[in-house]
>>> print(open('data-v9.cif').read())   # mmCIF, C-alpha atoms
data_target
#
loop_
_atom_site.label_atom_id
_atom_site.label_comp_id
_atom_site.auth_asym_id
_atom_site.auth_seq_id
_atom_site.Cartn_x
_atom_site.Cartn_y
_atom_site.Cartn_z
CA ALA A 1466 72.67 -167.52 44.06
CA ALA A 1467 69.28 -167.90 45.61
CA ALA A 1468 66.46 -169.18 43.45
CA ALA A 1469 62.97 -170.21 44.39
CA ALA A 1470 59.78 -171.23 42.68
CA ALA A 1471 56.26 -170.97 43.97
CA ALA A 1472 53.55 -173.13 42.43
CA GLN A 1473 49.82 -172.63 42.70
CA SER A 1474 47.65 -175.54 41.60
CA ASP A 1475 44.07 -175.56 40.44
CA PRO A 1476 41.47 -176.53 43.07
CA GLY A 1477 41.24 -180.27 43.66
CA THR A 1478 44.76 -181.00 42.46
CA SER A 1479 47.62 -181.77 44.79
CA VAL A 1480 51.19 -181.21 43.68
CA ALA A 1481 53.92 -183.58 44.83
CA GLY A 1482 57.55 -182.45 44.71
CA ALA A 1483 60.71 -184.50 44.39
CA ALA A 1484 60.89 -185.03 48.16
CA GLY A 1485 57.60 -186.94 48.26
CA SER A 1486 54.50 -187.88 46.40
CA SER A 1487 50.80 -188.03 46.99
CA SER A 1488 48.70 -191.15 46.53
CA ALA A 1489 45.57 -189.18 45.70
CA SER A 1490 44.10 -190.25 42.35
CA ASN A 1491 44.07 -186.68 41.04
CA SER A 1492 47.64 -185.82 42.05
CA VAL A 1493 50.34 -184.86 39.58
CA SER A 1494 54.09 -185.24 39.84
CA LEU A 1495 56.30 -182.16 39.76
CA THR A 1496 60.06 -182.28 40.32
CA PHE A 1497 62.05 -179.33 41.69
CA ALA A 1498 65.82 -179.19 41.17
CA THR A 1499 68.63 -176.69 41.67
CA ALA A 1500 72.33 -176.53 40.86
CA HIS A 1501 75.32 -174.22 40.86
CA LEU A 1502 77.20 -174.99 37.65
CA GLU A 1503 80.92 -174.43 37.08
CA SER A 1504 81.88 -170.79 36.64
CA LEU A 1505 84.18 -168.79 34.35
CA ASP A 1506 84.16 -168.69 30.56
CA TYR A 1507 86.98 -171.22 30.09
CA ASN A 1508 84.85 -173.87 31.88
CA ALA A 1509 82.10 -173.87 29.23
CA LYS A 1510 82.83 -177.52 28.33
CA ILE A 1511 82.48 -178.55 31.97
CA ARG A 1512 79.13 -176.68 32.20
CA ALA A 1513 77.95 -178.44 29.03
CA ALA A 1514 78.81 -181.81 30.61
CA GLN A 1515 76.99 -180.80 33.81
CA VAL A 1516 73.87 -179.83 31.82
CA ALA A 1517 74.07 -183.12 29.90
CA SER A 1518 74.26 -185.06 33.18
CA VAL A 1519 70.94 -183.53 34.23
CA PHE A 1520 69.01 -183.24 30.95
CA GLY A 1521 70.83 -185.74 28.71
CA THR A 1522 70.34 -189.48 28.33
CA GLY A 1523 70.10 -191.03 31.78
CA GLY A 1524 69.90 -187.66 33.52
CA ILE A 1525 67.38 -187.03 36.29
CA LEU A 1526 65.38 -184.61 34.09
CA ALA A 1527 65.95 -186.40 30.77
CA GLU A 1528 63.17 -187.10 28.35
CA ASN A 1529 62.35 -190.77 27.91
CA ASP A 1530 60.80 -192.11 24.71
CA ASN A 1531 59.12 -194.96 26.60
CA ASP A 1532 57.68 -192.82 29.39
CA ASP A 1533 55.97 -189.47 29.82
CA ALA A 1534 58.45 -186.69 30.51
CA THR A 1535 58.39 -185.44 34.07
CA ALA A 1536 57.16 -181.91 34.67
CA PHE A 1537 59.91 -179.99 36.45
CA ILE A 1538 61.20 -176.62 37.59
CA PHE A 1539 64.99 -176.22 37.64
CA ALA A 1540 66.39 -173.03 39.19
CA GLY A 1541 69.95 -172.04 39.91
CA ASP A 1542 73.20 -170.32 39.04
CA THR A 1543 74.05 -171.81 35.64
CA ASN A 1544 77.01 -169.47 35.04
CA MET A 1545 76.02 -169.44 31.36
CA SER A 1546 77.26 -165.99 30.38
CA THR A 1547 77.89 -166.66 26.69
CA LEU A 1548 74.98 -166.47 24.28
CA GLY A 1549 74.24 -169.91 22.83
CA GLU A 1550 75.37 -171.97 25.83
CA GLU A 1551 71.76 -173.14 26.35
CA GLU A 1552 71.84 -175.00 23.02
CA GLY A 1553 72.50 -178.27 24.89
CA LEU A 1554 69.05 -178.18 26.48
CA PRO A 1555 66.22 -180.30 25.06
CA PHE A 1556 63.81 -178.22 22.96
CA THR A 1557 61.01 -178.93 25.49
CA VAL A 1558 62.83 -176.99 28.24
CA VAL A 1559 61.60 -173.39 28.52
CA ASP A 1560 63.37 -170.46 30.16
CA ALA A 1561 60.84 -168.71 32.43
CA PHE A 1562 62.72 -165.42 31.95
CA ASP A 1563 61.95 -165.55 28.22
CA VAL A 1564 58.23 -165.89 29.03
CA VAL A 1565 57.73 -163.36 31.86
CA GLY A 1566 61.09 -161.89 32.86
CA SER A 1567 61.32 -159.09 30.35
CA THR A 1568 59.87 -156.63 32.89
CA LEU A 1569 62.80 -157.08 35.31
CA PRO A 1570 65.49 -154.40 35.27
CA PHE A 1571 68.78 -155.51 33.76
CA HIS A 1572 70.94 -156.04 36.81
CA GLY A 1573 74.24 -157.89 36.82
CA ALA A 1574 74.30 -161.66 37.16
CA THR A 1575 70.58 -162.08 37.76
CA CYS A 1576 68.94 -160.26 34.84
CA GLY A 1577 69.97 -159.19 31.38
CA PRO A 1578 71.32 -160.73 28.22
CA HIS A 1579 74.33 -162.32 29.96
CA ARG A 1580 72.53 -163.42 33.13
CA LEU A 1581 73.84 -166.39 35.05
CA ASP A 1582 70.72 -167.29 37.04
CA ARG A 1583 68.06 -169.30 35.23
CA ILE A 1584 64.69 -170.85 35.92
CA TRP A 1585 63.98 -173.58 33.40
CA TYR A 1586 60.80 -175.63 33.32
CA ARG A 1587 58.99 -178.31 31.34
CA SER A 1588 55.32 -179.27 31.34
CA SER A 1589 54.16 -182.86 30.88
CA SER A 1590 51.13 -184.63 29.45
CA ARG A 1591 49.49 -184.50 32.91
CA VAL A 1592 50.44 -181.01 34.09
CA GLU A 1593 50.96 -177.67 32.39
CA LEU A 1594 53.25 -175.13 34.04
CA ARG A 1595 52.64 -171.46 33.31
CA PRO A 1596 55.06 -168.92 34.79
CA GLN A 1597 53.15 -165.87 35.99
CA CYS A 1598 55.88 -163.49 37.14
CA ILE A 1599 59.49 -163.29 38.30
CA SER A 1600 60.54 -161.06 41.19
CA LEU A 1601 63.94 -160.12 42.59
CA LEU A 1602 64.64 -160.93 46.25
CA GLY A 1603 67.33 -159.86 48.70
CA ARG A 1604 68.39 -156.58 47.14
CA ASP A 1605 67.95 -154.70 50.42
CA HIS A 1606 69.91 -157.05 52.69
CA VAL A 1607 73.18 -155.76 54.11
CA PRO A 1608 75.54 -157.49 54.18
CA ARG A 1609 74.54 -159.25 50.98
CA PRO A 1610 74.74 -163.04 51.20
CA SER A 1611 75.67 -163.32 47.52
CA ASP A 1612 76.71 -161.29 44.50
CA HIS A 1613 73.45 -162.50 42.89
CA ASP A 1614 69.93 -161.38 43.62
CA GLY A 1615 67.43 -164.06 44.52
CA LEU A 1616 64.70 -164.95 42.05
CA LEU A 1617 61.12 -165.88 42.88
CA CYS A 1618 59.08 -167.25 40.00
CA GLU A 1619 55.40 -167.93 40.54
CA PHE A 1620 53.86 -170.70 38.42
CA GLU A 1621 50.28 -171.65 37.75
CA VAL A 1622 50.02 -175.45 37.76
CA ILE A 1623 47.20 -176.80 35.63
CA ARG A 1624 46.21 -180.46 35.71
CA LYS A 1625 45.40 -181.66 32.21
CA CYS A 1626 42.48 -184.01 31.62
CA SER A 1627 43.56 -187.40 30.36
CA THR A 1628 41.83 -188.85 27.32
CA GLU A 1629 40.89 -191.93 29.35
CA SER A 1630 38.93 -189.96 31.96
CA ALA A 1631 37.63 -187.19 29.70
CA GLY A 1632 34.25 -188.92 29.42
CA ASP A 1633 33.98 -189.58 33.16
CA THR A 1634 31.94 -187.19 35.30
#
>>> encode(input="data-v9.cif", output="structure tokens")
Amino acid sequence: AAAAAAAQSDPGTSVAGAAGSSSASNSVSLTFATAHLESLDYNAKIRAAQVASVFGTGGILAENDNDDATAFIFAGDTNMSTLGEEEGLPFTVVDAFDVVGSTLPFHGATCGPHRLDRIWYRSSSRVELRPQCISLLGRDHVPRPSDHDGLLCEFEVIRKCSTESAGDT
């Protein structure tokens, strides 16, 4: 499955992805991740373990009580076709489809109640992520590179003011 995310930041804010970071004082950190989880219904326990390895204790996108949670966008083929499989996600993880995807036509693996492709995100104390829209990509390509459509989700990235610098001008 193809999945992509586009982020637009507010003026004066640079966004650094997982591949690098910016040393500018007004930069924010944003991590992008993707995965293709195990398929087929009988592999639900394996998928749950894969999700736990990413979002659970010690995972790359895990919440940490001693540190601010990292803002992230995770997009990929989760193969979660059974309702309720997302219950292993932390409550701070949001499904972009639930926010803006309701306008997409129900279409196989990519859209609908049993969709396999997901775009999950989490804001942090320094950056707020707001999904603006989700579009389908690749429907007109022949031959098709996948049995899934590609997803493009556009996010607005808003740098939050810290309490320490709120009084600064």
>>> atom_distance(input="data-v9.cif", atom1="CA of Thr1557 in chain A", atom2="CA of Phe1520 in chain A")
10.6 Å
>>> resolve_selection(input="data-v9.cif", expression="the PyMOL selection byres ((chain A and resi 1618) around 6)", output="list in words")
Ala1470, Cys1598, Ile1599, Leu1617 and Glu1619 of chain A
>>> atom_distance(input="data-v9.cif", atom1="CA of Tyr1586 in chain A", atom2="CA of Ala1498 in chain A")
10.0 Å
>>> atom_distance(input="data-v9.cif", atom1="CA of Leu1554 in chain A", atom2="CA of Ala1517 in chain A")
7.8 Å
>>> axis_aligned_box(input="data-v9.cif", around="range 1603-1609 of chain A", padding_each_side="6 Å", output="AutoDock Vina command-line options")
--center_x 71.4 --center_y -157.3 --center_z 50.7 --size_x 20.2 --size_y 17.2 --size_z 19.0
>>> closest_residue(input="data-v9.cif", among="A:Ala1536, A:Asp1506, A:Glu1551, A:Arg1580", to="Val1592 in chain A", atoms="only C-alpha atoms")
A:Ala1536
>>> residues_around(input="data-v9.cif", residues="Ile1584 in chain A", least_positions_apart="4", cutoff="8 Å", atoms="all atoms listed in the file", output="MDAnalysis selection string")
chainID A and resid 1468 1538:1541 1560:1562 1618
>>> residues_near_point(input="data-v9.cif", point="(58.5, -179.5, 36.0)", cutoff="7 Å", atoms="all atoms listed in the file", output="ChimeraX atom specification")
/A:1495-1497,1535-1538,1586-1588
